[in-house]
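J.: Can you read through this structure? Questions will come right after.
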Amino acid sequence: MRWVRPLSPRVEETAETLGGKAHGLLVLRRLGLPVPPGFVVTTHACRAFLRDGRLPDGLDDELAAAVADLEASTGRRFGGSRTPLAVSVRSGAEVSMPGMMNTILNLGLTAEATAALASETGDARFALNSRLRFLAGFAAAIVNVDDGALARGAGDEQARIEAVEDLIRRRWGRPIPDDAARQLESAVEAVFSSWDTPRARTYRELHDIPHDLGTAVIVQTMVFGNRDAHSGTGVAFSRDPNTGENVPFGEVLFGHQGEDVVSGSSLTRPLRELADREPAVWTGLLDALRRVEGHYRDACYVEFTFQAGELWILQVRPGRFAGGAAVRVATDLADERVIGRHEALLRISPRHLPHVRTPRIAGTADILARGIGACPGVAAGRVATTSDGAVRMAADGPVILVRPETSPHDMHGLAAAAGIVTARGGPASHAAVVARSMGKPAVVGIGDLTVDVTGASVRAGGRTVGEGTLVTIDGTGGEVALGSPGVVTTGADIHLRRLLEWADEVSGDHSERDEALRLGAAHAVLRHGQDLGSSGGRETDASRHGGTGRSRLGDGDSST
């Protein structure tokens, strides 16, 4: 059995073998969009590793051959002393598990390769910072520590590098390999092993994902978002995930790498700032969003990095909007003749209609803090300042987990909480992404919020409240209120009314009845039509357009 596949548009295998992330990269390649060259280690290899406790026979030779091909295509040398090649190593299961598994960036930056990168670029600080990020990511994957905290530690880059190297030596029992090939093998093992971490198992149990799928590993040439002032990283939706409006939405971070966006450790900027600062990157991104939306026939999400003004796309998937945003996208795409009205109806599940009307905190509430609404809805509960505390307190009633930022280590607390609040981060931060995947209200990016774990309290707006205080959060408007204020619910907007009118036309029943019954009746007619179509009968719009009829409400994802 072959364990490795190139990221080539000629590869035809499914996400079951390649993982969803690699499968999306192949879509990008076929659309002619800029994707860093690389290869994927299949989910079959992961299952063999999990079964046998070691990398499968022959994988080492396939990795060496794939790296040699990468060297030939890039003109760079993996771990080399001149024009060095560095790679990213990312997980990518068939079903997305945002932030649950390991990622290692800048792999291959041995001590010699780091010196070569400094010589090539004339920027020693950039080279050392990139090596520090590699070591921190490696430490997080191998010895299960917070890579963000390591990368942001005290001292200059060289001092922090030495501190992380010492940590790895003490916790792992041996020094980090200073050989790029051995680093890569260790990284693949670490990503495979992360499939079975408690946080990953908890996530799968919450989302009914089978434990035996395994993950693929994607290895790609590094694009350095931390290279210079014309470099950066970001995430973008082709349409606004909060409203469904047909305008690009997202965030960007200049002079940083992707993990800084996800961790929430750095202040991101609105996506539109790209237009002024890097117009060529902005133009390329808009073109990419247009093409991927045309391919998926849906709102889409991409992750991107740009180095020295050159854009690269790192991930793509359908947007999987929720609530009113999903309804608006479905009706707008029907109006744009991208999909038919029947498919628009089948994309919305009747059981999700209650989420279309967004609850909001009433205007008379005592607002403690304001941030960025990251997942719609209102949740009330007692403040918990740690994930362990959230699990413990949740046994006695709903809790709101309040943290400076979250990481995969907080998965048990995120699962236990009714809502999530963080001081740092934006719409693509770990807290926001996981909250959306679980359908939990979240507020992120509260600039003046301080979490005092030792003192079991939080401070915002000049006021301090203790752990256990009842608060209510509004994941649409971004408010955190004291106590249990009134909640109001928005009425049906024009997009929902139109969708239900289409439903009545399909069912033929125009009587006054519950909205879910109206949509359910239309679904029954359309499903019957699909059954007839599969037996040679009439064909619905959904089947002509390849629609699955699976609701996109409530799904959530992000990069890892």
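The way I read the labels, and the way they are meant: chains A, B, ... in the order of the structure tokens, residue 1 as the first residue of every chain, and ligand 1 as the first ligand shown, with later ones counted on from there.
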What lies within 7 Å of range 484-500 of chain A using only C-alpha atoms, ignoring chain neighbours under 3 positions off, as an mmCIF file with all heavy atoms, in the first residue's frame?

T.:
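What landed in out.cif:
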```cif
data_model
loop_
_atom_site.group_PDB
_atom_site.id
_atom_site.type_symbol
_atom_site.label_atom_id
_atom_site.label_comp_id
_atom_site.auth_asym_id
_atom_site.auth_seq_id
_atom_site.Cartn_x
_atom_site.Cartn_y
_atom_site.Cartn_z
ATOM 1 N N VAL A 327 -30.283 31.019 6.007
ATOM 2 C CA VAL A 327 -31.498 31.256 5.231
ATOM 3 C C VAL A 327 -31.242 32.306 4.157
ATOM 4 O O VAL A 327 -31.637 32.146 2.993
ATOM 5 C CB VAL A 327 -32.647 31.689 6.160
ATOM 6 C CG1 VAL A 327 -33.852 32.149 5.341
ATOM 7 C CG2 VAL A 327 -33.035 30.542 7.082
ATOM 8 N N ARG A 328 -30.552 33.394 4.523
ATOM 9 C CA ARG A 328 -30.293 34.436 3.526
ATOM 10 C C ARG A 328 -29.411 33.924 2.399
ATOM 11 O O ARG A 328 -29.660 34.227 1.221
ATOM 12 C CB ARG A 328 -29.639 35.648 4.186
ATOM 13 C CG ARG A 328 -29.282 36.715 3.156
ATOM 14 C CD ARG A 328 -29.009 38.055 3.726
ATOM 15 N NE ARG A 328 -28.749 39.018 2.664
ATOM 16 C CZ ARG A 328 -28.543 40.302 2.849
ATOM 17 N NH1 ARG A 328 -28.593 40.815 4.078
ATOM 18 N NH2 ARG A 328 -28.319 41.115 1.827
ATOM 19 N N THR A 331 -31.538 31.756 0.021
ATOM 20 C CA THR A 331 -32.455 32.511 -0.842
ATOM 21 C C THR A 331 -31.697 33.378 -1.842
ATOM 22 O O THR A 331 -32.101 33.493 -3.003
ATOM 23 C CB THR A 331 -33.400 33.383 0.002
ATOM 24 O OG1 THR A 331 -32.637 34.230 0.873
ATOM 25 C CG2 THR A 331 -34.326 32.508 0.838
ATOM 26 N N LEU A 345 -34.572 25.232 -0.353
ATOM 27 C CA LEU A 345 -35.424 24.707 0.709
ATOM 28 C C LEU A 345 -34.774 23.527 1.421
ATOM 29 O O LEU A 345 -34.802 23.425 2.647
ATOM 30 C CB LEU A 345 -36.774 24.279 0.126
ATOM 31 C CG LEU A 345 -37.716 25.411 -0.296
ATOM 32 C CD1 LEU A 345 -38.848 24.871 -1.153
ATOM 33 C CD2 LEU A 345 -38.277 26.119 0.933
ATOM 34 N N ARG A 357 -34.540 33.020 14.247
ATOM 35 C CA ARG A 357 -34.889 34.239 14.973
ATOM 36 C C ARG A 357 -33.894 34.400 16.112
ATOM 37 O O ARG A 357 -33.890 33.625 17.063
ATOM 38 C CB ARG A 357 -36.315 34.157 15.502
ATOM 39 C CG ARG A 357 -37.362 34.300 14.414
ATOM 40 C CD ARG A 357 -38.740 34.360 15.060
ATOM 41 N NE ARG A 357 -39.751 34.707 14.088
ATOM 42 C CZ ARG A 357 -40.365 33.819 13.308
ATOM 43 N NH1 ARG A 357 -40.038 32.556 13.402
ATOM 44 N NH2 ARG A 357 -41.285 34.208 12.447
ATOM 45 N N THR A 358 -33.067 35.400 16.014
ATOM 46 C CA THR A 358 -31.951 35.551 16.938
ATOM 47 C C THR A 358 -32.377 36.214 18.236
ATOM 48 O O THR A 358 -32.871 37.348 18.239
ATOM 49 C CB THR A 358 -30.834 36.405 16.285
ATOM 50 O OG1 THR A 358 -30.497 35.832 15.030
ATOM 51 C CG2 THR A 358 -29.605 36.437 17.170
ATOM 52 N N PRO A 359 -32.174 35.537 19.386
ATOM 53 C CA PRO A 359 -32.451 36.189 20.665
ATOM 54 C C PRO A 359 -31.389 37.231 20.977
ATOM 55 O O PRO A 359 -30.213 37.057 20.652
ATOM 56 C CB PRO A 359 -32.394 35.025 21.666
ATOM 57 C CG PRO A 359 -31.512 34.009 21.022
ATOM 58 C CD PRO A 359 -31.720 34.153 19.545
ATOM 59 N N ARG A 360 -31.804 38.327 21.611
ATOM 60 C CA ARG A 360 -30.884 39.393 21.987
ATOM 61 C C ARG A 360 -31.182 39.850 23.406
ATOM 62 O O ARG A 360 -32.317 39.777 23.874
ATOM 63 C CB ARG A 360 -31.040 40.608 21.040
ATOM 64 C CG ARG A 360 -30.778 40.335 19.558
ATOM 65 C CD ARG A 360 -29.317 40.027 19.301
ATOM 66 N NE ARG A 360 -28.429 41.046 19.825
ATOM 67 C CZ ARG A 360 -28.115 42.179 19.159
ATOM 68 N NH1 ARG A 360 -28.627 42.398 17.965
ATOM 69 N NH2 ARG A 360 -27.301 43.061 19.697
ATOM 70 N N ILE A 361 -30.138 40.334 24.096
ATOM 71 C CA ILE A 361 -30.336 40.922 25.419
ATOM 72 C C ILE A 361 -31.130 42.220 25.267
ATOM 73 O O ILE A 361 -30.852 43.036 24.386
ATOM 74 C CB ILE A 361 -28.981 41.192 26.096
ATOM 75 C CG1 ILE A 361 -28.306 39.861 26.478
ATOM 76 C CG2 ILE A 361 -29.154 42.057 27.336
ATOM 77 C CD1 ILE A 361 -26.920 40.029 27.068
ATOM 78 N N ALA A 362 -32.105 42.421 26.141
ATOM 79 C CA ALA A 362 -32.921 43.634 26.086
ATOM 80 C C ALA A 362 -32.091 44.863 26.420
ATOM 81 O O ALA A 362 -31.070 44.787 27.117
ATOM 82 C CB ALA A 362 -34.099 43.508 27.057
ATOM 83 N N ALA A 365 -30.434 46.139 30.079
ATOM 84 C CA ALA A 365 -29.507 45.296 30.844
ATOM 85 C C ALA A 365 -28.348 46.103 31.416
ATOM 86 O O ALA A 365 -27.957 47.156 30.889
ATOM 87 C CB ALA A 365 -28.967 44.184 29.945
ATOM 88 N N ALA A 380 -27.011 32.294 29.703
ATOM 89 C CA ALA A 380 -26.815 32.792 31.060
ATOM 90 C C ALA A 380 -26.190 31.696 31.906
ATOM 91 O O ALA A 380 -26.465 30.506 31.720
ATOM 92 C CB ALA A 380 -28.147 33.220 31.669
ATOM 93 N N VAL A 471 -23.999 35.864 34.992
ATOM 94 C CA VAL A 471 -23.904 36.796 33.866
ATOM 95 C C VAL A 471 -24.682 36.226 32.692
ATOM 96 O O VAL A 471 -24.959 35.020 32.625
ATOM 97 C CB VAL A 471 -22.445 37.061 33.436
ATOM 98 C CG1 VAL A 471 -21.649 37.723 34.554
ATOM 99 C CG2 VAL A 471 -21.763 35.783 32.967
ATOM 100 N N THR A 472 -25.023 37.098 31.767
ATOM 101 C CA THR A 472 -25.712 36.710 30.535
ATOM 102 C C THR A 472 -24.937 37.288 29.359
ATOM 103 O O THR A 472 -24.541 38.457 29.385
ATOM 104 C CB THR A 472 -27.158 37.237 30.518
ATOM 105 O OG1 THR A 472 -27.855 36.707 31.650
ATOM 106 C CG2 THR A 472 -27.875 36.820 29.244
ATOM 107 N N ALA A 503 -41.839 27.253 0.233
ATOM 108 C CA ALA A 503 -42.241 25.971 0.817
ATOM 109 C C ALA A 503 -43.729 25.722 0.587
ATOM 110 O O ALA A 503 -44.141 24.602 0.235
ATOM 111 C CB ALA A 503 -41.909 25.957 2.304
ATOM 112 N N ASP A 504 -44.554 26.758 0.798
ATOM 113 C CA ASP A 504 -46.003 26.600 0.595
ATOM 114 C C ASP A 504 -46.328 26.308 -0.864
ATOM 115 O O ASP A 504 -47.241 25.527 -1.169
ATOM 116 C CB ASP A 504 -46.739 27.852 1.053
ATOM 117 C CG ASP A 504 -46.662 28.058 2.562
ATOM 118 O OD1 ASP A 504 -46.316 27.101 3.272
ATOM 119 O OD2 ASP A 504 -46.920 29.199 3.021
ATOM 120 N N ARG A 518 -44.507 23.967 7.886
ATOM 121 C CA ARG A 518 -44.537 24.442 6.491
ATOM 122 C C ARG A 518 -43.304 23.949 5.725
ATOM 123 O O ARG A 518 -43.412 23.427 4.617
ATOM 124 C CB ARG A 518 -44.604 25.975 6.462
ATOM 125 C CG ARG A 518 -45.891 26.539 7.030
ATOM 126 C CD ARG A 518 -45.809 28.040 7.237
ATOM 127 N NE ARG A 518 -45.749 28.783 5.987
ATOM 128 C CZ ARG A 518 -45.580 30.111 5.921
ATOM 129 N NH1 ARG A 518 -45.453 30.816 7.056
ATOM 130 N NH2 ARG A 518 -45.556 30.712 4.756
ATOM 131 N N LEU A 519 -42.129 24.117 6.345
ATOM 132 C CA LEU A 519 -40.902 23.687 5.674
ATOM 133 C C LEU A 519 -40.842 22.161 5.585
ATOM 134 O O LEU A 519 -40.424 21.598 4.565
ATOM 135 C CB LEU A 519 -39.677 24.228 6.416
ATOM 136 C CG LEU A 519 -38.313 23.968 5.770
ATOM 137 C CD1 LEU A 519 -38.259 24.541 4.357
ATOM 138 C CD2 LEU A 519 -37.206 24.577 6.623
#
```

J.: Per DSSP on the backbone, what are the alpha helix (DSSP H) residues of range 308-442 of chain A, as a ChimeraX atom specification?

T.: /A:323-335,341-346,387-394,411-416,430-438

J.: Here is a test: counting only C-alpha atoms, which residue of A:Glu12, A:Asp474, A:Asp335, A:Glu245 is nearest to Arg370 in chain A?

T.: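 So, comparing all the options, the nearest one is A:Asp474.
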
J.: Taking into account only C-alpha atoms, which residue in the set A:Ala423, A:Ala181, A:Ala140, A:Val480 is nearest to Asp61 in chain A?

T.: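 Between A:Ala423, A:Ala181, A:Ala140, A:Val480, the residue approaching Asp61 in chain A most closely is A:Ala181.
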
J.: Tell me which protein, DNA and RNA residues are within 10 Å of range 122-128 of chain A, counting only C-alpha atoms, leaving out same-chain ones fewer than 5 positions away, and put them as a PyMOL selection string.

T.: chain A and resi 106+109+111+113-117+133-134+156-158+160-161+224+226-228

J.: Can you pull out every residue within 9 Å of range 67-77 of chain A, counting only C-alpha atoms, but drop anything in the same chain fewer than 5 positions away, and send it as a list in words?

T.: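 Returned residues: Pro37, Gly38, Phe39, Glu62, Arg82, Thr83, Pro84, Leu85, Ala86, Ala181, Gln220 and Thr221 of chain A.
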
J.: Could you write those residues out with all heavy atoms, as an mmCIF file, in the first residue's frame?

T.:
```cif
data_model
loop_
_atom_site.group_PDB
_atom_site.id
_atom_site.type_symbol
_atom_site.label_atom_id
_atom_site.label_comp_id
_atom_site.auth_asym_id
_atom_site.auth_seq_id
_atom_site.Cartn_x
_atom_site.Cartn_y
_atom_site.Cartn_z
ATOM 1 N N PRO A 37 3.128 24.076 -2.718
ATOM 2 C CA PRO A 37 3.313 22.671 -3.092
ATOM 3 C C PRO A 37 3.510 21.794 -1.867
ATOM 4 O O PRO A 37 4.005 22.245 -0.833
ATOM 5 C CB PRO A 37 4.570 22.696 -3.973
ATOM 6 C CG PRO A 37 5.260 23.972 -3.636
ATOM 7 C CD PRO A 37 4.198 24.936 -3.237
ATOM 8 N N GLY A 38 3.118 20.527 -1.997
ATOM 9 C CA GLY A 38 3.257 19.638 -0.864
ATOM 10 C C GLY A 38 2.733 18.255 -1.160
ATOM 11 O O GLY A 38 2.513 17.867 -2.313
ATOM 12 N N PHE A 39 2.491 17.497 -0.097
ATOM 13 C CA PHE A 39 1.987 16.132 -0.228
ATOM 14 C C PHE A 39 1.174 15.795 1.016
ATOM 15 O O PHE A 39 1.180 16.533 2.008
ATOM 16 C CB PHE A 39 3.128 15.132 -0.424
ATOM 17 C CG PHE A 39 4.188 15.160 0.647
ATOM 18 C CD1 PHE A 39 4.083 14.371 1.795
ATOM 19 C CD2 PHE A 39 5.318 15.965 0.502
ATOM 20 C CE1 PHE A 39 5.060 14.403 2.776
ATOM 21 C CE2 PHE A 39 6.307 15.993 1.482
ATOM 22 C CZ PHE A 39 6.175 15.211 2.620
ATOM 23 N N GLU A 62 8.833 6.681 1.528
ATOM 24 C CA GLU A 62 7.898 7.524 0.769
ATOM 25 C C GLU A 62 8.029 8.990 1.183
ATOM 26 O O GLU A 62 7.920 9.885 0.330
ATOM 27 C CB GLU A 62 6.468 7.033 0.965
ATOM 28 C CG GLU A 62 6.167 5.715 0.286
ATOM 29 C CD GLU A 62 4.678 5.412 0.268
ATOM 30 O OE1 GLU A 62 3.883 6.315 -0.079
ATOM 31 O OE2 GLU A 62 4.299 4.273 0.606
ATOM 32 N N ARG A 82 22.062 26.126 2.425
ATOM 33 C CA ARG A 82 21.831 27.224 1.481
ATOM 34 C C ARG A 82 20.412 27.089 0.963
ATOM 35 O O ARG A 82 19.924 25.996 0.719
ATOM 36 C CB ARG A 82 22.823 27.162 0.313
ATOM 37 C CG ARG A 82 24.279 27.347 0.729
ATOM 38 C CD ARG A 82 25.210 27.268 -0.474
ATOM 39 N NE ARG A 82 24.921 28.320 -1.448
ATOM 40 C CZ ARG A 82 25.500 28.389 -2.663
ATOM 41 N NH1 ARG A 82 26.379 27.464 -3.019
ATOM 42 N NH2 ARG A 82 25.212 29.385 -3.476
ATOM 43 N N THR A 83 19.739 28.232 0.767
ATOM 44 C CA THR A 83 18.331 28.250 0.336
ATOM 45 C C THR A 83 17.527 27.114 0.977
ATOM 46 O O THR A 83 17.051 26.208 0.300
ATOM 47 C CB THR A 83 18.201 28.188 -1.198
ATOM 48 O OG1 THR A 83 18.864 26.990 -1.666
ATOM 49 C CG2 THR A 83 18.794 29.409 -1.843
ATOM 50 N N PRO A 84 17.381 27.155 2.293
ATOM 51 C CA PRO A 84 16.729 26.043 3.000
ATOM 52 C C PRO A 84 15.231 25.967 2.728
ATOM 53 O O PRO A 84 14.572 26.982 2.494
ATOM 54 C CB PRO A 84 17.003 26.366 4.470
ATOM 55 C CG PRO A 84 17.134 27.850 4.507
ATOM 56 C CD PRO A 84 17.810 28.229 3.219
ATOM 57 N N LEU A 85 14.718 24.752 2.747
ATOM 58 C CA LEU A 85 13.291 24.489 2.619
ATOM 59 C C LEU A 85 12.722 24.184 3.998
ATOM 60 O O LEU A 85 13.246 23.345 4.727
ATOM 61 C CB LEU A 85 13.051 23.284 1.697
ATOM 62 C CG LEU A 85 11.625 22.722 1.648
ATOM 63 C CD1 LEU A 85 10.667 23.738 1.016
ATOM 64 C CD2 LEU A 85 11.601 21.401 0.873
ATOM 65 N N ALA A 86 11.671 24.885 4.374
ATOM 66 C CA ALA A 86 10.922 24.584 5.591
ATOM 67 C C ALA A 86 9.494 24.233 5.202
ATOM 68 O O ALA A 86 9.000 24.672 4.154
ATOM 69 C CB ALA A 86 10.931 25.770 6.547
ATOM 70 N N ALA A 181 14.867 15.410 8.253
ATOM 71 C CA ALA A 181 14.098 14.204 7.957
ATOM 72 C C ALA A 181 13.563 13.561 9.238
ATOM 73 O O ALA A 181 12.412 13.107 9.294
ATOM 74 C CB ALA A 181 14.957 13.214 7.176
ATOM 75 N N GLN A 220 3.376 20.886 3.528
ATOM 76 C CA GLN A 220 3.471 21.882 2.460
ATOM 77 C C GLN A 220 4.656 22.814 2.681
ATOM 78 O O GLN A 220 5.070 23.055 3.829
ATOM 79 C CB GLN A 220 2.198 22.734 2.401
ATOM 80 C CG GLN A 220 0.971 22.004 1.887
ATOM 81 C CD GLN A 220 -0.242 22.909 1.900
ATOM 82 O OE1 GLN A 220 -0.876 23.089 2.934
ATOM 83 N NE2 GLN A 220 -0.560 23.489 0.755
ATOM 84 N N THR A 221 5.149 23.347 1.596
ATOM 85 C CA THR A 221 6.193 24.365 1.670
ATOM 86 C C THR A 221 5.699 25.546 2.503
ATOM 87 O O THR A 221 4.574 26.017 2.319
ATOM 88 C CB THR A 221 6.550 24.854 0.258
ATOM 89 O OG1 THR A 221 6.975 23.734 -0.520
ATOM 90 C CG2 THR A 221 7.660 25.882 0.293
#
```

J.: Neighbours of range 173-177 of chain A within 12 Å (only C-alpha atoms; same-chain residues fewer than 3 positions away dropped), as a PyMOL selection string?

T.: chain A and resi 79+107-111+134-139+142-143+161-162+164-170+180-187

J.: At a cut-off of 12 Å, using only C-alpha atoms, what residues contact Ser507 in chain A? Leave out same-chain residues fewer than 6 positions from it and give the result as JSON, numbers by chain.

T.: {"A": [342, 345, 500, 501, 517, 518, 519, 520, 521, 522, 523, 524, 525, 526, 527, 528, 529]}

J.: Quote the spacing between CA of Ala64 in chain A and CA of Met222 in chain A in Å to one decimal place.

T.: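 Computed distance, CA of Ala64 in chain A to CA of Met222 in chain A, equals 17.5 Å.
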
J.: Smallest atom-to-atom distance to Ala481 in chain A: which of A:Arg513, A:His409, A:Arg382, A:His430, using only C-alpha atoms?

T.: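 Nearest to Ala481 in chain A: A:Arg382.
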
J.: Residues at most 10 Å from Val35 in chain A, counting only C-alpha atoms, excluding those fewer than 4 positions away in the same chain, as a ChimeraX atom specification?

T.: /A:7,25-26,28-29,220-221,223,304,311-315

J.: Put those residues in a file: C-alpha atoms, as a compact mmCIF listing (two decimals), in the first residue's frame.

T.:
```
# COMPACT_ATOMS: atom_id res chain seq x y z
CA LEU A 7 -1.06 17.56 -3.76
CA LEU A 25 -6.44 21.83 -1.51
CA LEU A 26 -6.88 19.67 -4.60
CA LEU A 28 -8.00 24.86 -5.17
CA ARG A 29 -5.31 23.44 -7.44
CA GLN A 220 3.47 21.88 2.46
CA THR A 221 6.19 24.37 1.67
CA VAL A 223 4.79 30.54 3.38
CA PHE A 304 -4.67 32.43 3.46
CA LEU A 311 -0.97 35.41 -1.90
CA TRP A 312 -1.28 31.70 -1.08
CA ILE A 313 -4.49 29.84 -0.16
CA LEU A 314 -4.06 27.26 2.61
CA GLN A 315 -7.56 25.86 3.14
```

J.: Please indicate the distance in Å from CA of Ala344 in chain A to CA of Val247 in chain A, rounded to one decimal place.

T.: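 Atom-to-atom, CA of Ala344 in chain A and CA of Val247 in chain A are spaced 19.5 Å apart.
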
J.: Do you have the CA of Thr385 in chain A-CA of Gly419 in chain A distance handy?

T.: 12.4 Å

J.: Which residues in range 235-425 of chain A does DSSP call strand (DSSP E)? List them as a ChimeraX atom specification.

T.: /A:235-237,249-254,269-270,300-307,310-318,359-361,367-370,372-375,378-384,399-403,419-422

J.: Give the answer as one residue: which of A:Val292, A:Thr121, A:Glu259, A:Leu50 has the shortest atom-to-atom distance to Thr197 in chain A, using only C-alpha atoms?

T.: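 Between A:Val292, A:Thr121, A:Glu259, A:Leu50, the residue approaching Thr197 in chain A most closely is A:Leu50.
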